[in-house]
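Visitor: Coordinates in data-v6.cif, mmCIF, C-alpha atoms, are listed below.
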data_entry
#
loop_
_atom_site.group_PDB
_atom_site.id
_atom_site.type_symbol
_atom_site.label_atom_id
_atom_site.label_comp_id
_atom_site.auth_asym_id
_atom_site.auth_seq_id
_atom_site.Cartn_x
_atom_site.Cartn_y
_atom_site.Cartn_z
ATOM 1 C CA MET A 1062 -59.124 127.723 57.637
ATOM 2 C CA VAL A 1063 -57.876 124.889 59.858
ATOM 3 C CA TYR A 1064 -60.218 122.030 60.795
ATOM 4 C CA SER A 1065 -60.026 119.589 63.653
ATOM 5 C CA THR A 1066 -59.897 115.823 63.093
ATOM 6 C CA ALA A 1067 -63.543 115.499 64.093
ATOM 7 C CA GLU A 1068 -64.544 118.212 61.623
ATOM 8 C CA ARG A 1069 -62.596 116.509 58.830
ATOM 9 C CA VAL A 1070 -64.356 113.224 59.528
ATOM 10 C CA GLU A 1071 -67.692 115.041 59.477
ATOM 11 C CA ILE A 1072 -66.862 116.657 56.147
ATOM 12 C CA ILE A 1073 -66.176 113.257 54.592
ATOM 13 C CA GLU A 1074 -69.415 111.871 56.048
ATOM 14 C CA LEU A 1075 -71.367 114.822 54.649
ATOM 15 C CA PHE A 1076 -69.765 114.284 51.251
ATOM 16 C CA PHE A 1077 -71.104 110.729 50.983
ATOM 17 C CA VAL A 1078 -74.412 111.364 52.765
ATOM 18 C CA ASN A 1079 -75.148 114.085 50.215
ATOM 19 C CA GLY A 1080 -74.613 111.879 47.175
ATOM 20 C CA LYS A 1081 -70.888 112.624 46.838
ATOM 21 C CA CYS A 1082 -71.649 116.220 45.953
ATOM 22 C CA ALA A 1083 -68.951 118.525 47.328
ATOM 23 C CA ASN A 1084 -71.070 121.666 46.904
ATOM 24 C CA GLN A 1085 -73.959 120.200 48.883
ATOM 25 C CA ALA A 1086 -71.568 118.985 51.583
ATOM 26 C CA VAL A 1087 -70.137 122.518 51.861
ATOM 27 C CA ASN A 1088 -73.643 124.009 52.192
ATOM 28 C CA VAL A 1089 -74.594 121.651 55.017
ATOM 29 C CA PHE A 1090 -71.277 122.236 56.784
ATOM 30 C CA ASN A 1091 -71.713 126.018 56.553
ATOM 31 C CA GLN A 1092 -75.181 125.767 58.035
ATOM 32 C CA ARG A 1093 -73.866 123.861 61.026
ATOM 33 C CA TYR A 1094 -70.769 125.963 61.589
ATOM 34 C CA GLY A 1095 -71.424 129.556 60.699
ATOM 35 C CA ASP A 1096 -68.176 130.691 62.297
ATOM 36 C CA LYS A 1097 -66.200 128.468 59.929
ATOM 37 C CA HIS A 1098 -67.933 129.488 56.746
ATOM 38 C CA VAL A 1099 -66.396 127.958 53.646
ATOM 39 C CA SER A 1100 -66.264 130.160 50.579
ATOM 40 C CA ARG A 1101 -67.105 128.509 47.253
ATOM 41 C CA LYS A 1102 -65.377 131.132 45.147
ATOM 42 C CA HIS A 1103 -62.109 129.177 45.281
ATOM 43 C CA PRO A 1104 -63.027 125.553 45.883
ATOM 44 C CA VAL A 1105 -59.556 124.384 44.919
ATOM 45 C CA ARG A 1106 -58.064 125.926 48.065
ATOM 46 C CA ASN A 1107 -60.924 124.670 50.203
ATOM 47 C CA GLU A 1108 -59.786 122.113 52.737
ATOM 48 C CA ALA A 1109 -63.308 120.702 52.922
ATOM 49 C CA VAL A 1110 -63.367 120.153 49.166
ATOM 50 C CA GLU A 1111 -59.884 118.659 49.186
ATOM 51 C CA VAL A 1112 -60.804 116.236 51.950
ATOM 52 C CA GLY A 1113 -63.934 115.260 50.020
ATOM 53 C CA VAL A 1114 -61.972 114.580 46.833
ATOM 54 C CA LEU A 1115 -59.325 112.575 48.675
ATOM 55 C CA GLY A 1116 -61.960 110.646 50.608
ATOM 56 C CA HIS A 1117 -63.716 109.682 47.384
ATOM 57 C CA MET A 1118 -60.475 108.451 45.796
ATOM 58 C CA VAL A 1119 -59.577 106.431 48.875
ATOM 59 C CA LEU A 1120 -62.936 104.624 48.814
ATOM 60 C CA GLU A 1121 -63.302 104.385 45.013
ATOM 61 C CA PRO A 1122 -59.769 104.688 43.549
ATOM 62 C CA ILE A 1123 -60.746 103.576 40.036
ATOM 63 C CA THR A 1124 -62.941 106.663 39.552
ATOM 64 C CA SER A 1125 -61.662 108.858 36.752
ATOM 65 C CA THR A 1126 -61.096 112.562 37.323
ATOM 66 C CA ARG A 1127 -63.772 113.337 34.726
ATOM 67 C CA GLN A 1128 -66.331 111.176 36.502
ATOM 68 C CA LEU A 1129 -65.510 112.814 39.828
ATOM 69 C CA ALA A 1130 -65.734 116.257 38.252
ATOM 70 C CA THR A 1131 -69.212 115.461 36.918
ATOM 71 C CA SER A 1132 -70.481 114.186 40.264
ATOM 72 C CA THR A 1133 -68.968 116.953 42.425
ATOM 73 C CA GLY A 1134 -69.117 120.031 40.215
ATOM 74 C CA ILE A 1135 -65.375 120.588 40.650
ATOM 75 C CA SER A 1136 -63.338 120.958 37.490
ATOM 76 C CA ALA A 1137 -61.194 118.030 36.425
ATOM 77 C CA THR A 1138 -58.158 120.326 36.444
ATOM 78 C CA SER A 1139 -58.772 121.259 40.070
ATOM 79 C CA ILE A 1140 -59.224 117.616 41.017
ATOM 80 C CA CYS A 1141 -55.913 116.706 39.389
ATOM 81 C CA ARG A 1142 -54.176 119.508 41.282
ATOM 82 C CA ILE A 1143 -55.649 118.305 44.572
ATOM 83 C CA LEU A 1144 -54.559 114.723 43.926
ATOM 84 C CA LYS A 1145 -51.066 115.670 42.825
ATOM 85 C CA SER A 1146 -50.569 118.047 45.756
ATOM 86 C CA HIS A 1147 -51.218 115.079 48.057
ATOM 87 C CA LYS A 1148 -48.918 112.848 45.957
ATOM 88 C CA PHE A 1149 -51.651 110.664 44.459
ATOM 89 C CA HIS A 1150 -50.545 109.054 41.195
ATOM 90 C CA PRO A 1151 -52.683 107.437 38.438
ATOM 91 C CA TYR A 1152 -51.167 103.952 38.336
ATOM 92 C CA LYS A 1153 -51.750 101.835 35.257
ATOM 93 C CA ILE A 1154 -53.529 98.521 35.730
ATOM 94 C CA LYS A 1155 -51.408 95.566 34.635
ATOM 95 C CA LEU A 1156 -52.654 92.234 33.361
ATOM 96 C CA VAL A 1157 -51.128 89.309 35.236
ATOM 97 C CA GLN A 1158 -51.588 85.565 35.296
ATOM 98 C CA GLU A 1159 -52.728 83.706 38.378
ATOM 99 C CA LEU A 1160 -50.278 81.112 39.726
ATOM 100 C CA ASN A 1161 -51.037 78.052 41.842
ATOM 101 C CA GLU A 1162 -49.024 76.982 44.856
ATOM 102 C CA ASP A 1163 -47.130 74.151 43.144
ATOM 103 C CA ASP A 1164 -46.378 76.109 39.964
ATOM 104 C CA PHE A 1165 -43.089 77.434 41.309
ATOM 105 C CA ASP A 1166 -41.582 74.011 42.024
ATOM 106 C CA ARG A 1167 -42.722 72.669 38.655
ATOM 107 C CA ARG A 1168 -41.193 75.623 36.841
ATOM 108 C CA LEU A 1169 -37.931 75.192 38.713
ATOM 109 C CA HIS A 1170 -37.821 71.470 37.940
ATOM 110 C CA PHE A 1171 -38.417 72.150 34.241
ATOM 111 C CA CYS A 1172 -35.682 74.792 34.100
ATOM 112 C CA GLU A 1173 -33.194 72.508 35.827
ATOM 113 C CA LEU A 1174 -34.002 69.658 33.439
ATOM 114 C CA ILE A 1175 -33.652 71.798 30.311
ATOM 115 C CA SER A 1176 -30.455 73.392 31.624
ATOM 116 C CA GLN A 1177 -28.965 69.957 32.249
ATOM 117 C CA ARG A 1178 -29.786 68.715 28.742
ATOM 118 C CA ALA A 1179 -28.508 71.938 27.186
ATOM 119 C CA THR A 1180 -25.242 71.496 29.081
ATOM 120 C CA GLU A 1181 -24.901 67.909 27.874
ATOM 121 C CA ASN A 1182 -25.605 68.926 24.270
ATOM 122 C CA HIS A 1183 -25.211 72.542 23.193
ATOM 123 C CA ASN A 1184 -27.538 72.036 20.199
ATOM 124 C CA PHE A 1185 -30.417 70.744 22.318
ATOM 125 C CA ILE A 1186 -32.396 74.003 22.574
ATOM 126 C CA PHE A 1187 -31.675 74.900 18.944
ATOM 127 C CA ASN A 1188 -33.500 71.699 17.955
ATOM 128 C CA ILE A 1189 -36.640 72.431 19.992
ATOM 129 C CA CYS A 1190 -39.632 73.715 18.060
ATOM 130 C CA PHE A 1191 -41.434 76.044 20.469
ATOM 131 C CA SER A 1192 -45.073 76.456 19.430
ATOM 132 C CA ASP A 1193 -48.067 78.491 20.520
ATOM 133 C CA GLU A 1194 -51.356 80.024 19.410
ATOM 134 C CA ALA A 1195 -52.466 83.650 19.624
ATOM 135 C CA SER A 1196 -55.583 85.633 18.747
ATOM 136 C CA PHE A 1197 -55.394 88.756 16.605
ATOM 137 C CA SER A 1198 -58.528 90.875 17.043
ATOM 138 C CA LEU A 1199 -59.551 93.314 14.377
ATOM 139 C CA ASN A 1200 -59.800 96.097 16.960
ATOM 140 C CA GLY A 1201 -56.168 95.636 17.913
ATOM 141 C CA ILE A 1202 -54.287 95.410 21.165
ATOM 142 C CA VAL A 1203 -56.032 96.123 24.471
ATOM 143 C CA ASN A 1204 -55.711 99.846 25.174
ATOM 144 C CA ARG A 1205 -55.246 100.608 28.869
ATOM 145 C CA HIS A 1206 -54.309 104.265 28.313
ATOM 146 C CA ASN A 1207 -57.467 105.601 29.953
ATOM 147 C CA CYS A 1208 -57.554 103.006 32.741
ATOM 148 C CA ARG A 1209 -55.998 104.345 35.953
ATOM 149 C CA TYR A 1210 -56.018 103.599 39.667
ATOM 150 C CA TRP A 1211 -55.521 106.727 41.780
ATOM 151 C CA SER A 1212 -53.530 106.174 44.965
ATOM 152 C CA ASP A 1213 -50.679 107.676 46.971
ATOM 153 C CA ILE A 1214 -48.876 104.309 46.851
ATOM 154 C CA ASN A 1215 -48.615 101.741 44.054
ATOM 155 C CA PRO A 1216 -51.410 99.195 44.736
ATOM 156 C CA HIS A 1217 -50.166 96.768 42.029
ATOM 157 C CA ILE A 1218 -53.742 96.251 40.901
ATOM 158 C CA PHE A 1219 -54.609 93.903 38.061
ATOM 159 C CA HIS A 1220 -57.648 93.144 35.971
ATOM 160 C CA GLU A 1221 -58.675 89.926 34.250
ATOM 161 C CA ALA A 1222 -59.247 90.515 30.561
ATOM 162 C CA HIS A 1223 -61.427 88.474 28.224
ATOM 163 C CA THR A 1224 -59.919 88.301 24.749
ATOM 164 C CA GLN A 1225 -62.676 86.410 22.951
ATOM 165 C CA HIS A 1226 -63.995 88.517 20.086
ATOM 166 C CA PRO A 1227 -65.890 87.496 16.942
ATOM 167 C CA GLN A 1228 -63.754 89.667 14.642
ATOM 168 C CA LYS A 1229 -60.450 87.880 15.093
ATOM 169 C CA LEU A 1230 -57.937 85.467 13.599
ATOM 170 C CA ASN A 1231 -56.538 82.532 15.566
ATOM 171 C CA VAL A 1232 -52.929 81.939 14.570
ATOM 172 C CA TRP A 1233 -50.442 79.147 15.301
ATOM 173 C CA ALA A 1234 -46.706 79.604 14.885
ATOM 174 C CA GLY A 1235 -43.500 77.883 15.878
ATOM 175 C CA ILE A 1236 -39.908 78.967 16.408
ATOM 176 C CA PHE A 1237 -37.441 76.252 15.420
ATOM 177 C CA GLY A 1238 -33.832 77.283 15.783
ATOM 178 C CA ASP A 1239 -33.486 80.324 13.556
ATOM 179 C CA HIS A 1240 -36.654 79.652 11.542
ATOM 180 C CA ILE A 1241 -40.282 80.663 11.987
ATOM 181 C CA ILE A 1242 -42.744 77.866 11.241
ATOM 182 C CA GLY A 1243 -45.945 79.421 10.039
ATOM 183 C CA PRO A 1244 -48.101 81.353 10.436
ATOM 184 C CA TYR A 1245 -50.923 78.835 10.299
ATOM 185 C CA PHE A 1246 -54.441 80.270 10.470
ATOM 186 C CA ILE A 1247 -56.772 78.087 12.520
ATOM 187 C CA PRO A 1248 -60.329 77.907 11.162
ATOM 188 C CA GLY A 1249 -62.588 79.005 14.013
ATOM 189 C CA ASN A 1250 -61.612 78.124 17.563
ATOM 190 C CA LEU A 1251 -58.911 75.573 18.343
ATOM 191 C CA THR A 1252 -60.297 72.048 18.857
ATOM 192 C CA ASP A 1253 -58.817 68.563 19.106
ATOM 193 C CA GLU A 1254 -59.552 67.919 15.433
ATOM 194 C CA THR A 1255 -58.211 71.222 14.090
ATOM 195 C CA TYR A 1256 -55.040 70.945 16.161
ATOM 196 C CA LEU A 1257 -54.353 67.382 15.018
ATOM 197 C CA GLN A 1258 -54.901 68.449 11.421
ATOM 198 C CA LEU A 1259 -52.459 71.327 11.974
ATOM 199 C CA LEU A 1260 -49.793 68.919 13.192
ATOM 200 C CA GLU A 1261 -50.339 66.331 10.454
ATOM 201 C CA ASP A 1262 -50.703 68.642 7.454
ATOM 202 C CA PHE A 1263 -48.493 71.574 8.361
ATOM 203 C CA ALA A 1264 -46.233 71.561 11.435
ATOM 204 C CA TYR A 1265 -44.689 68.096 11.166
ATOM 205 C CA PRO A 1266 -43.996 68.228 7.391
ATOM 206 C CA GLN A 1267 -42.388 71.664 7.816
ATOM 207 C CA LEU A 1268 -40.110 70.414 10.584
ATOM 208 C CA VAL A 1269 -39.102 67.264 8.690
ATOM 209 C CA ASP A 1270 -38.270 69.317 5.601
ATOM 210 C CA LEU A 1271 -36.063 71.703 7.601
ATOM 211 C CA VAL A 1272 -34.213 68.891 9.353
ATOM 212 C CA GLU A 1273 -33.561 67.008 6.106
ATOM 213 C CA ASN A 1274 -32.328 70.067 4.222
ATOM 214 C CA ASN A 1275 -30.367 71.896 6.899
ATOM 215 C CA PRO A 1276 -27.199 70.420 8.441
ATOM 216 C CA ASP A 1277 -27.557 72.664 11.523
ATOM 217 C CA TYR A 1278 -30.456 70.523 12.726
ATOM 218 C CA SER A 1279 -30.250 66.997 14.125
ATOM 219 C CA GLU A 1280 -32.989 64.434 13.606
ATOM 220 C CA ASN A 1281 -32.032 62.694 16.842
ATOM 221 C CA LEU A 1282 -32.517 65.915 18.837
ATOM 222 C CA LEU A 1283 -35.731 67.119 17.140
ATOM 223 C CA THR A 1284 -38.125 68.050 19.959
ATOM 224 C CA PHE A 1285 -41.618 69.530 19.772
ATOM 225 C CA GLN A 1286 -42.947 71.808 22.525
ATOM 226 C CA GLN A 1287 -46.566 72.723 23.245
ATOM 227 C CA ASP A 1288 -48.350 74.097 26.294
ATOM 228 C CA GLY A 1289 -51.116 72.443 28.305
ATOM 229 C CA ALA A 1290 -54.148 73.720 26.397
ATOM 230 C CA PRO A 1291 -56.970 71.104 26.376
ATOM 231 C CA PRO A 1292 -56.795 70.460 22.585
ATOM 232 C CA HIS A 1293 -53.066 69.698 22.976
ATOM 233 C CA TYR A 1294 -53.867 67.002 25.539
ATOM 234 C CA ALA A 1295 -56.334 65.065 23.402
ATOM 235 C CA LEU A 1296 -55.609 61.336 23.123
ATOM 236 C CA ALA A 1297 -55.277 61.426 19.328
ATOM 237 C CA VAL A 1298 -52.834 64.339 19.563
ATOM 238 C CA ARG A 1299 -50.661 62.554 22.122
ATOM 239 C CA GLN A 1300 -50.657 59.400 20.018
ATOM 240 C CA PHE A 1301 -49.470 61.365 17.007
ATOM 241 C CA LEU A 1302 -46.686 63.018 19.013
ATOM 242 C CA ASN A 1303 -45.584 59.711 20.533
ATOM 243 C CA GLU A 1304 -45.332 58.174 17.062
ATOM 244 C CA ASN A 1305 -43.491 61.035 15.413
ATOM 245 C CA PHE A 1306 -41.511 62.497 18.351
ATOM 246 C CA PRO A 1307 -40.899 59.428 20.545
ATOM 247 C CA SER A 1308 -39.706 60.646 23.971
ATOM 248 C CA HIS A 1309 -38.864 63.982 22.320
ATOM 249 C CA TRP A 1310 -41.811 66.217 22.945
ATOM 250 C CA ILE A 1311 -42.631 68.658 25.705
ATOM 251 C CA GLY A 1312 -46.190 68.986 26.932
ATOM 252 C CA ARG A 1313 -48.729 68.399 29.635
ATOM 253 C CA ARG A 1314 -47.921 65.325 31.750
ATOM 254 C CA ASP A 1315 -45.747 63.847 29.029
ATOM 255 C CA PRO A 1316 -42.089 62.858 28.329
ATOM 256 C CA ILE A 1317 -40.871 66.311 29.367
ATOM 257 C CA GLU A 1318 -43.613 67.981 31.380
ATOM 258 C CA TRP A 1319 -44.391 71.545 30.451
ATOM 259 C CA PRO A 1320 -45.293 73.452 33.656
ATOM 260 C CA ALA A 1321 -48.733 75.054 33.576
ATOM 261 C CA ARG A 1322 -49.113 78.842 33.388
ATOM 262 C CA SER A 1323 -45.617 79.420 32.027
ATOM 263 C CA PRO A 1324 -45.987 82.092 29.322
ATOM 264 C CA ASP A 1325 -42.560 83.551 30.027
ATOM 265 C CA LEU A 1326 -40.604 80.411 29.169
ATOM 266 C CA THR A 1327 -41.090 80.354 25.391
ATOM 267 C CA PRO A 1328 -39.647 82.814 22.873
ATOM 268 C CA LEU A 1329 -43.131 83.209 21.382
ATOM 269 C CA ASP A 1330 -44.782 84.618 24.502
ATOM 270 C CA PHE A 1331 -41.616 86.295 25.738
ATOM 271 C CA PHE A 1332 -41.004 88.133 22.474
ATOM 272 C CA PHE A 1333 -42.574 86.946 19.239
ATOM 273 C CA TRP A 1334 -46.298 87.648 19.699
ATOM 274 C CA GLY A 1335 -45.741 91.068 21.250
ATOM 275 C CA HIS A 1336 -43.295 92.121 18.561
ATOM 276 C CA LEU A 1337 -45.529 90.784 15.795
ATOM 277 C CA LYS A 1338 -48.587 92.623 17.128
ATOM 278 C CA SER A 1339 -46.656 95.883 17.466
ATOM 279 C CA LYS A 1340 -45.869 95.623 13.746
ATOM 280 C CA VAL A 1341 -49.290 94.426 12.615
ATOM 281 C CA TYR A 1342 -51.177 97.092 14.562
ATOM 282 C CA SER A 1343 -48.873 100.004 13.691
ATOM 283 C CA THR A 1344 -51.928 101.294 11.818
ATOM 284 C CA PRO A 1345 -55.463 99.927 12.317
ATOM 285 C CA PRO A 1346 -56.255 97.102 9.853
ATOM 286 C CA GLY A 1347 -59.552 97.752 8.135
ATOM 287 C CA THR A 1348 -60.588 94.147 7.496
ATOM 288 C CA LEU A 1349 -59.689 90.619 8.534
ATOM 289 C CA GLU A 1350 -58.171 90.079 5.084
ATOM 290 C CA ILE A 1351 -55.781 93.005 5.605
ATOM 291 C CA LEU A 1352 -54.970 91.736 9.094
ATOM 292 C CA ARG A 1353 -54.187 88.281 7.712
ATOM 293 C CA GLU A 1354 -51.942 89.695 4.978
ATOM 294 C CA ARG A 1355 -50.004 91.790 7.498
ATOM 295 C CA ILE A 1356 -49.410 88.787 9.765
ATOM 296 C CA VAL A 1357 -48.030 86.761 6.847
ATOM 297 C CA ASN A 1358 -45.797 89.583 5.616
ATOM 298 C CA GLU A 1359 -44.386 90.395 9.053
ATOM 299 C CA CYS A 1360 -43.628 86.729 9.722
ATOM 300 C CA ARG A 1361 -41.691 86.601 6.489
#
Would you put the structure from the file into structure tokens?
Guide:
Amino acid sequence: MVYSTAERVEIIELFFVNGKCANQAVNVFNQRYGDKHVSRKHPVRNEAVEVGVLGHMVLEPITSTRQLATSTGISATSICRILKSHKFHPYKIKLVQELNEDDFDRRLHFCELISQRATENHNFIFNICFSDEASFSLNGIVNRHNCRYWSDINPHIFHEAHTQHPQKLNVWAGIFGDHIIGPYFIPGNLTDETYLQLLEDFAYPQLVDLVENNPDYSENLLTFQQDGAPPHYALAVRQFLNENFPSHWIGRRDPIEWPARSPDLTPLDFFFWGHLKSKVYSTPPGTLEILRERIVNECR
């Protein structure tokens, strides 16, 4: 059966007026147009049903096929066939980071500065300790397998995720040349006091020991990098860094400014955390103690 444009629009209207129930929409349509009776024996081949399914996905593209099947009475298999026949694809939602207008220029300036120093001294980057923190939740990595966005074109949709969870470990680590510094397990959430204690009792002594006992490192080039997290910007933290890394530390509004929202510039965010989590969560850890032990072993 072929329907006019006006009849197609009416079918979609009936679908939503009747609580998004395709069967009810078909009944009302059949009552109005007896000469264009729609059979419900084969709803998959029903243009009215197809238009209803497509109309629903256009207006609410994050609806799952199971949810639509429950609300319409059409099988999930039939819904998938309808969507695929019209070239709808279940796109995965990706997590992205918001950027501000001036972030691009600040990133470019940082890259040019680091490139210049690396050109002047080939060991410059090797002597930078890149550092970062990450949370390891007991329930593992965010699973987006069942999260889809149905559309006939890629909408590039994203979703903001909240990673705070009570059953987790907060971990600090550094990459210094060809060494991993850490892991260091932060008690509770990161604060000014806990971060300063981390630097004084763990990070700085580790770096000094490596520099003194390894000829590949240079004390004059030793540089410490951190991002712009609020605890990193505390006055006591900056005083400590100025005393122990004079003019040789990278951070927020400091000797070498670290551009905000730059997770792709460090080897930790670019590679280390993702690789470490893929190893740690290869099988679900049963307890926080097991999770902690796996992190230590994989870092080794």
Visitor: When you draw a straight line from CA of Thr1180 (chain A) to CA of Asp1288 (chain A), how long is it in Å?
Guide: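 Interatomic distance here is 23.4 Å.
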Visitor: Evaluate the PyMOL selection byres ((chain A and resi 1339-1346) around 7) here and jot the selected residues down as an MDAnalysis selection string.
Guide: chainID A and resid 1199 1201 1335:1338 1347:1348 1351:1352 1355:1356
Visitor: I need the residue set behind the PyMOL selection byres ((chain A and resi 1136) around 12) for this file; please write it as a list of chain:residue names.
Guide: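 Here the PyMOL selection byres ((chain A and resi 1136) around 12) matches A:Ala1083, A:His1103, A:Pro1104, A:Val1105, A:Val1110, A:Val1114, A:Thr1126, A:Arg1127, A:Gln1128, A:Leu1129, A:Ala1130, A:Thr1131, A:Ser1132, A:Thr1133, A:Gly1134, A:Ile1135, A:Ala1137, A:Thr1138, A:Ser1139, A:Ile1140, A:Cys1141, A:Arg1142, A:Ile1143.
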Visitor: Would you kindly identify which residues have an atom no farther than 12 Å from (-51.0, 81.6, 40.1), using all atoms listed in the file and the file's own coordinates, and write them out as a count of residues only?
Guide: 15
Visitor: Of the residues A:Leu1260, A:Leu1174, A:Leu1326, A:Ile1317, which is the one nearest to Gln1300 (chain A), using all atoms listed in the file?
Guide: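 Result for the nearest residue to Gln1300 (chain A): A:Leu1260.
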